[in-house]
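Data first, discussion second: the structure below is written as structure tokens.
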Amino acid sequence: MKVCILGDARSIHVRRIACGLAQRRLEVTVVTHHPVPLDGVSVHKFQVPRLGFQYPMRWPRRHELYLKRLMRAHDIVQVHFLHDWGFTAEVATEGCLTVTPWGSDIRPPAGSPPPTEELVRKRAALLRMANCIIATCRPFAEQIIASAGIDRDKIRIVPKGVDTSKFATSPTQPRRQPIVGYFKGFREVNGIQHLIEAIPSIRRGCPPVKFQFIGDGPILERCKGRVKELGVDDIVNWLPPQPHDEMPALMDRWSVVAIPSLEEAFCIGALESSAMELPVVASNVGGLVETVRDGLTGILVPPGDPWHLSGGLVELLEDPERGRCMGRAGRRVVQEEYEWSDSLDSLIETYQETLDATTSAVAG
């Protein structure tokens, strides 16, 4: 099967999918505005051909023909993130088009400027012209349906998966110290500001506690300043974004993970934490309702509420055995429902089903 993925080749999600499909012996091409090398994958820059002998027409027509040739040259074309690639209904009929929206496509993050009416219209049109829409979980699928009036039969649920051979505790790691880990980035929508406000209360409930924050973003310096104002900078360790493959070694030292997001379409970070046998205290929003099983693999708390967030974290810090039980349960859930190899199987099966249905419709 020949698969063409249109997306940001720098994205960890696009990279994992493209390389994973290539390892399954699919012929994979990534077309992107930001080319980077990917093992086993052909990567090309998205570039409308210049005016010339092969393309002797105006730019809009060259753009259309370029997309049509991509559609005809591949069995499946999958769009990641609802960027305006220029698809039209006429272009979409040239092949089999699947679309994978991201959370910010459907619900703009809190505090960000709303999309223009034209962008909303183009995103909805792309969803409607797709042969199949791939969503990561049911709550997000419902948001997609509501946002553009999508036929429910067009949606397929294919969760992101975790490679549990990589995200696994080390048998030589000593008993974990009371460290709260956070690695979701520093934007308003990530809710990190509410976790910072909870630190003094958490410290009173568990005096030995430490925090490790990983990532960057527009409110990072403000967060660092607030930590100093609260007088808790001595227990907070800041790290820049880390390579994905190096995260398990860092997480293996933590005792609990905080995910105080105000919005989440899915949250693979929650599943990676569970795979590391770490309990998760997270906001009761979006896809976190599925990726964190309240009372089994972690604790869900109201979003934007430092008091409840502090209570959930202290509860697990004070009872490490309960946290370890949740961690073990979390790893079982990931192995049974979110294993990376199973996710790849589901994605390839979805491609094949969509291709078969599209081919039958054209033949009929």
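All residue names refer to the structure tokens as shown: chains lettered A, B, ... in order, residues numbered from 1 in each chain, ligands numbered from 1 in order.
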
Pick out the residues sitting within 12 Å of A:Ala18, and hand them over as number ranges by chain; count only C-alpha atoms, and ignore anything fewer than 4 positions along from it in its own chain.
A: 2-14, 22-31, 37-43, 78, 80, 344, 347-348

Just the residues within 12 Å of A:Pro306, please, counting only C-alpha atoms, with nothing from its chain fewer than 3 positions along; format it as a VMD selection string.
chain A and resid 191 to 202 258 to 261 281 to 283 301 to 303 309 to 314

What would the file look like if the residues just selected were written as a PDB file, in the first residue's frame with C-alpha atoms?
ATOM      1  CA  GLY A 191      -3.012  24.594  33.044  1.00  0.00           C
ATOM      2  CA  ILE A 192       0.530  24.726  34.448  1.00  0.00           C
ATOM      3  CA  GLN A 193      -0.299  28.030  36.159  1.00  0.00           C
ATOM      4  CA  HIS A 194      -2.811  26.202  38.372  1.00  0.00           C
ATOM      5  CA  LEU A 195      -0.283  23.519  39.289  1.00  0.00           C
ATOM      6  CA  ILE A 196       2.167  26.233  40.339  1.00  0.00           C
ATOM      7  CA  GLU A 197      -0.459  27.843  42.576  1.00  0.00           C
ATOM      8  CA  ALA A 198      -0.959  24.439  44.227  1.00  0.00           C
ATOM      9  CA  ILE A 199       2.732  23.922  45.097  1.00  0.00           C
ATOM     10  CA  PRO A 200       2.700  25.585  48.563  1.00  0.00           C
ATOM     11  CA  SER A 201      -0.285  23.468  49.615  1.00  0.00           C
ATOM     12  CA  ILE A 202       1.318  20.304  48.255  1.00  0.00           C
ATOM     13  CA  ALA A 258       0.330  16.037  37.012  1.00  0.00           C
ATOM     14  CA  ILE A 259      -1.673  16.921  33.885  1.00  0.00           C
ATOM     15  CA  PRO A 260      -3.727  20.025  34.799  1.00  0.00           C
ATOM     16  CA  SER A 261      -4.841  20.785  31.209  1.00  0.00           C
ATOM     17  CA  VAL A 281      -3.616  13.364  38.579  1.00  0.00           C
ATOM     18  CA  ALA A 282      -5.348  15.114  35.693  1.00  0.00           C
ATOM     19  CA  SER A 283      -8.159  17.466  34.809  1.00  0.00           C
ATOM     20  CA  VAL A 301     -10.039  16.711  39.326  1.00  0.00           C
ATOM     21  CA  PRO A 302     -11.941  19.808  38.128  1.00  0.00           C
ATOM     22  CA  PRO A 303      -9.923  21.885  35.624  1.00  0.00           C
ATOM     23  CA  LEU A 309      -5.324  19.434  42.168  1.00  0.00           C
ATOM     24  CA  SER A 310      -3.301  19.770  45.359  1.00  0.00           C
ATOM     25  CA  GLY A 311      -5.626  17.381  47.171  1.00  0.00           C
ATOM     26  CA  GLY A 312      -5.273  14.680  44.520  1.00  0.00           C
ATOM     27  CA  LEU A 313      -1.486  14.931  44.428  1.00  0.00           C
ATOM     28  CA  VAL A 314      -1.087  14.942  48.211  1.00  0.00           C
TER      29      VAL A 314
END

Smallest atom-to-atom distance to A:His83: which of A:Arg152, A:Thr136, A:Lys122, A:Thr116, using only C-alpha atoms?
A:Lys122

Residues near stretch 267-280 of chain A, cut-off 8 Å, only C-alpha atoms, skip fewer than 4 positions along chain, as a PyMOL selection string
chain A and resi 160-162+164+167-169+183-184+248+251-252+254-259+287-288+291-292+297-299+323-324+326-332+334-335+338

Go ahead and write the residues just picked, N, CA and C atoms, as an mmCIF file, in the first residue's frame.
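Below is the file out.cif, written as the result:
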data_model
loop_
_atom_site.group_PDB
_atom_site.id
_atom_site.type_symbol
_atom_site.label_atom_id
_atom_site.label_comp_id
_atom_site.auth_asym_id
_atom_site.auth_seq_id
_atom_site.Cartn_x
_atom_site.Cartn_y
_atom_site.Cartn_z
ATOM 1 N N LYS A 160 -3.949 6.863 19.662
ATOM 2 C CA LYS A 160 -2.490 6.872 19.638
ATOM 3 C C LYS A 160 -2.008 5.805 20.614
ATOM 4 N N GLY A 161 -0.916 5.178 20.289
ATOM 5 C CA GLY A 161 -0.423 4.100 21.139
ATOM 6 C C GLY A 161 0.912 4.423 21.779
ATOM 7 N N VAL A 162 1.302 3.563 22.721
ATOM 8 C CA VAL A 162 2.553 3.696 23.452
ATOM 9 C C VAL A 162 3.375 2.430 23.242
ATOM 10 N N THR A 164 5.335 0.072 24.829
ATOM 11 C CA THR A 164 5.594 -0.276 26.225
ATOM 12 C C THR A 164 6.939 -0.963 26.427
ATOM 13 N N PHE A 167 8.679 2.599 27.007
ATOM 14 C CA PHE A 167 8.139 3.249 28.197
ATOM 15 C C PHE A 167 7.858 2.171 29.244
ATOM 16 N N ALA A 168 8.906 1.863 29.998
ATOM 17 C CA ALA A 168 8.839 0.817 31.017
ATOM 18 C C ALA A 168 9.820 1.161 32.124
ATOM 19 N N THR A 169 9.472 0.804 33.343
ATOM 20 C CA THR A 169 10.350 1.088 34.474
ATOM 21 C C THR A 169 11.608 0.230 34.408
ATOM 22 N N PHE A 183 5.151 17.464 32.070
ATOM 23 C CA PHE A 183 5.839 17.600 30.787
ATOM 24 C C PHE A 183 4.893 17.959 29.651
ATOM 25 N N LYS A 184 3.938 18.841 29.913
ATOM 26 C CA LYS A 184 2.928 19.187 28.911
ATOM 27 C C LYS A 184 3.142 20.534 28.231
ATOM 28 N N PRO A 248 11.576 8.255 29.151
ATOM 29 C CA PRO A 248 11.401 7.190 30.148
ATOM 30 C C PRO A 248 12.419 7.236 31.280
ATOM 31 N N MET A 251 11.308 10.005 33.646
ATOM 32 C CA MET A 251 10.051 9.688 34.322
ATOM 33 C C MET A 251 10.224 8.583 35.352
ATOM 34 N N ASP A 252 11.241 7.753 35.164
ATOM 35 C CA ASP A 252 11.448 6.628 36.078
ATOM 36 C C ASP A 252 11.800 7.089 37.491
ATOM 37 N N TRP A 254 10.178 9.724 38.935
ATOM 38 C CA TRP A 254 9.011 10.412 39.485
ATOM 39 C C TRP A 254 8.138 9.449 40.287
ATOM 40 N N SER A 255 7.258 10.026 41.088
ATOM 41 C CA SER A 255 6.301 9.199 41.827
ATOM 42 C C SER A 255 4.869 9.427 41.361
ATOM 43 N N VAL A 256 4.607 10.571 40.726
ATOM 44 C CA VAL A 256 3.267 10.872 40.235
ATOM 45 C C VAL A 256 3.405 11.921 39.135
ATOM 46 N N VAL A 257 2.456 11.923 38.192
ATOM 47 C CA VAL A 257 2.457 12.889 37.097
ATOM 48 C C VAL A 257 1.228 13.777 37.208
ATOM 49 N N ALA A 258 1.429 15.077 37.014
ATOM 50 C CA ALA A 258 0.330 16.037 37.012
ATOM 51 C C ALA A 258 0.035 16.487 35.588
ATOM 52 N N ILE A 259 -1.245 16.437 35.200
ATOM 53 C CA ILE A 259 -1.673 16.921 33.885
ATOM 54 C C ILE A 259 -2.887 17.831 34.118
ATOM 55 N N GLY A 287 -10.366 14.133 26.276
ATOM 56 C CA GLY A 287 -9.867 12.771 26.172
ATOM 57 C C GLY A 287 -9.248 12.231 27.438
ATOM 58 N N LEU A 288 -8.914 13.105 28.403
ATOM 59 C CA LEU A 288 -8.360 12.624 29.675
ATOM 60 C C LEU A 288 -9.348 11.732 30.418
ATOM 61 N N THR A 291 -8.225 8.438 28.897
ATOM 62 C CA THR A 291 -6.841 8.012 29.081
ATOM 63 C C THR A 291 -6.433 7.920 30.545
ATOM 64 N N VAL A 292 -7.203 8.532 31.435
ATOM 65 C CA VAL A 292 -6.981 8.377 32.881
ATOM 66 C C VAL A 292 -8.257 7.790 33.474
ATOM 67 N N THR A 297 -6.385 4.213 37.497
ATOM 68 C CA THR A 297 -5.024 4.552 37.045
ATOM 69 C C THR A 297 -4.598 5.942 37.502
ATOM 70 N N GLY A 298 -5.515 6.675 38.111
ATOM 71 C CA GLY A 298 -5.193 8.014 38.577
ATOM 72 C C GLY A 298 -6.408 8.683 39.184
ATOM 73 N N ILE A 299 -6.321 9.981 39.329
ATOM 74 C CA ILE A 299 -7.397 10.769 39.931
ATOM 75 C C ILE A 299 -7.721 11.934 39.005
ATOM 76 N N GLY A 323 -0.475 4.690 45.080
ATOM 77 C CA GLY A 323 0.052 5.179 43.804
ATOM 78 C C GLY A 323 0.680 4.062 42.990
ATOM 79 N N ARG A 324 1.418 3.179 43.650
ATOM 80 C CA ARG A 324 2.043 2.066 42.929
ATOM 81 C C ARG A 324 0.982 1.117 42.370
ATOM 82 N N MET A 326 -2.040 1.986 41.432
ATOM 83 C CA MET A 326 -2.595 2.678 40.266
ATOM 84 C C MET A 326 -1.635 2.582 39.086
ATOM 85 N N GLY A 327 -0.339 2.711 39.366
ATOM 86 C CA GLY A 327 0.656 2.622 38.304
ATOM 87 C C GLY A 327 0.634 1.260 37.631
ATOM 88 N N ARG A 328 0.570 0.207 38.424
ATOM 89 C CA ARG A 328 0.526 -1.141 37.841
ATOM 90 C C ARG A 328 -0.747 -1.352 37.025
ATOM 91 N N ALA A 329 -1.866 -0.828 37.541
ATOM 92 C CA ALA A 329 -3.124 -0.925 36.793
ATOM 93 C C ALA A 329 -3.046 -0.131 35.496
ATOM 94 N N GLY A 330 -2.388 1.019 35.555
ATOM 95 C CA GLY A 330 -2.249 1.842 34.363
ATOM 96 C C GLY A 330 -1.465 1.144 33.274
ATOM 97 N N ARG A 331 -0.394 0.481 33.649
ATOM 98 C CA ARG A 331 0.400 -0.231 32.640
ATOM 99 C C ARG A 331 -0.423 -1.358 32.010
ATOM 100 N N ARG A 332 -1.218 -2.053 32.815
ATOM 101 C CA ARG A 332 -2.062 -3.116 32.248
ATOM 102 C C ARG A 332 -3.042 -2.540 31.238
ATOM 103 N N VAL A 334 -2.729 0.185 29.406
ATOM 104 C CA VAL A 334 -2.009 0.567 28.183
ATOM 105 C C VAL A 334 -1.675 -0.672 27.356
ATOM 106 N N GLN A 335 -1.191 -1.725 27.997
ATOM 107 C CA GLN A 335 -0.835 -2.934 27.266
ATOM 108 C C GLN A 335 -2.052 -3.570 26.598
ATOM 109 N N TYR A 338 -3.851 0.213 24.440
ATOM 110 C CA TYR A 338 -3.148 1.300 23.759
ATOM 111 C C TYR A 338 -1.721 0.924 23.358
#

Can you list, as a list in words, every residue of stretch 168-205 of chain A that DSSP puts in helix (DSSP H, G or I)?
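Secondary structure check on stretch 168-205 of chain A, helix (DSSP H, G or I): Glu188, Val189, Asn190, Ile192, Gln193, His194, Leu195, Ile196, Glu197, Ala198, Ile199, Pro200, Ser201, Ile202, Arg203, Arg204 and Gly205 of chain A.
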
Could you pull out the strand (DSSP E or B) residues of stretch 59-271 of chain A from DSSP and send them as a PyMOL selection string?
chain A and resi 76-80+97-100+132-135+155-157+162+179-182+210-214+236-239+256-259

I need the chosen residues saved as an mmCIF file, in the first residue's frame, with C-alpha atoms.
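Below is the file again.cif, written as the result:
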data_model
loop_
_atom_site.group_PDB
_atom_site.id
_atom_site.type_symbol
_atom_site.label_atom_id
_atom_site.label_comp_id
_atom_site.auth_asym_id
_atom_site.auth_seq_id
_atom_site.Cartn_x
_atom_site.Cartn_y
_atom_site.Cartn_z
ATOM 1 C CA ILE A 76 -4.207 6.668 0.736
ATOM 2 C CA VAL A 77 -3.582 10.364 1.328
ATOM 3 C CA GLN A 78 -3.789 11.282 5.010
ATOM 4 C CA VAL A 79 -3.920 14.892 6.157
ATOM 5 C CA HIS A 80 -2.624 15.533 9.675
ATOM 6 C CA LEU A 97 -8.568 10.975 1.372
ATOM 7 C CA THR A 98 -8.382 10.488 5.144
ATOM 8 C CA VAL A 99 -8.132 13.340 7.634
ATOM 9 C CA THR A 100 -6.794 13.367 11.195
ATOM 10 C CA CYS A 132 -12.684 8.874 6.414
ATOM 11 C CA ILE A 133 -11.946 10.958 9.519
ATOM 12 C CA ILE A 134 -9.620 9.385 12.071
ATOM 13 C CA ALA A 135 -10.164 10.458 15.689
ATOM 14 C CA ILE A 155 -15.475 8.587 11.774
ATOM 15 C CA ARG A 156 -13.088 5.831 12.862
ATOM 16 C CA ILE A 157 -11.521 5.685 16.322
ATOM 17 C CA VAL A 162 2.553 3.696 23.452
ATOM 18 C CA ILE A 179 8.680 13.856 42.873
ATOM 19 C CA VAL A 180 5.793 15.349 40.903
ATOM 20 C CA GLY A 181 6.520 15.313 37.173
ATOM 21 C CA TYR A 182 5.048 17.612 34.534
ATOM 22 C CA LYS A 210 10.064 17.948 44.736
ATOM 23 C CA PHE A 211 8.855 18.986 41.272
ATOM 24 C CA GLN A 212 10.367 18.504 37.829
ATOM 25 C CA PHE A 213 8.906 20.588 34.993
ATOM 26 C CA ILE A 214 9.867 19.771 31.382
ATOM 27 C CA VAL A 236 11.338 22.993 41.456
ATOM 28 C CA ASN A 237 13.695 21.704 38.760
ATOM 29 C CA TRP A 238 13.231 23.120 35.247
ATOM 30 C CA LEU A 239 14.285 21.251 32.095
ATOM 31 C CA VAL A 256 3.267 10.872 40.235
ATOM 32 C CA VAL A 257 2.457 12.889 37.097
ATOM 33 C CA ALA A 258 0.330 16.037 37.012
ATOM 34 C CA ILE A 259 -1.673 16.921 33.885
#

Give the answer as one residue: which of A:Tyr66, A:Glu290, A:Ala125, A:Ile106 has the shortest atom-to-atom distance to A:Ala89, using only C-alpha atoms?
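Between A:Tyr66, A:Glu290, A:Ala125, A:Ile106, the residue approaching A:Ala89 most closely is A:Ala125.
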
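Counting only C-alpha atoms and comparing A:Ile145, A:Ala357, A:Cys206, A:Val158, the residue that lies closest to A:Ile235 is A:Cys206.
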
Coordinates-based distance that separates atom CA of A:Pro113 from atom CA of A:Thr88 (Å, one decimal):
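Atom CA of A:Thr88 sits 26.2 Å away from atom CA of A:Pro113.
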
Residue nearest A:Pro178 among A:Leu317, A:Leu127, A:Ala148, A:Ala141 (counting only C-alpha atoms):
A:Leu317

Counting only C-alpha atoms, the residue of A:Glu64, A:Asp153, A:Glu94, A:Asp75 that sits nearest A:Met1
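Once distances to A:Met1 are computed over only C-alpha atoms, the minimum belongs to A:Asp75.
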
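Comparing A:Glu142, A:Asp319, A:Glu337, A:Glu118 by their smallest distance to A:Asp84, the closest is A:Glu118 (using only C-alpha atoms).
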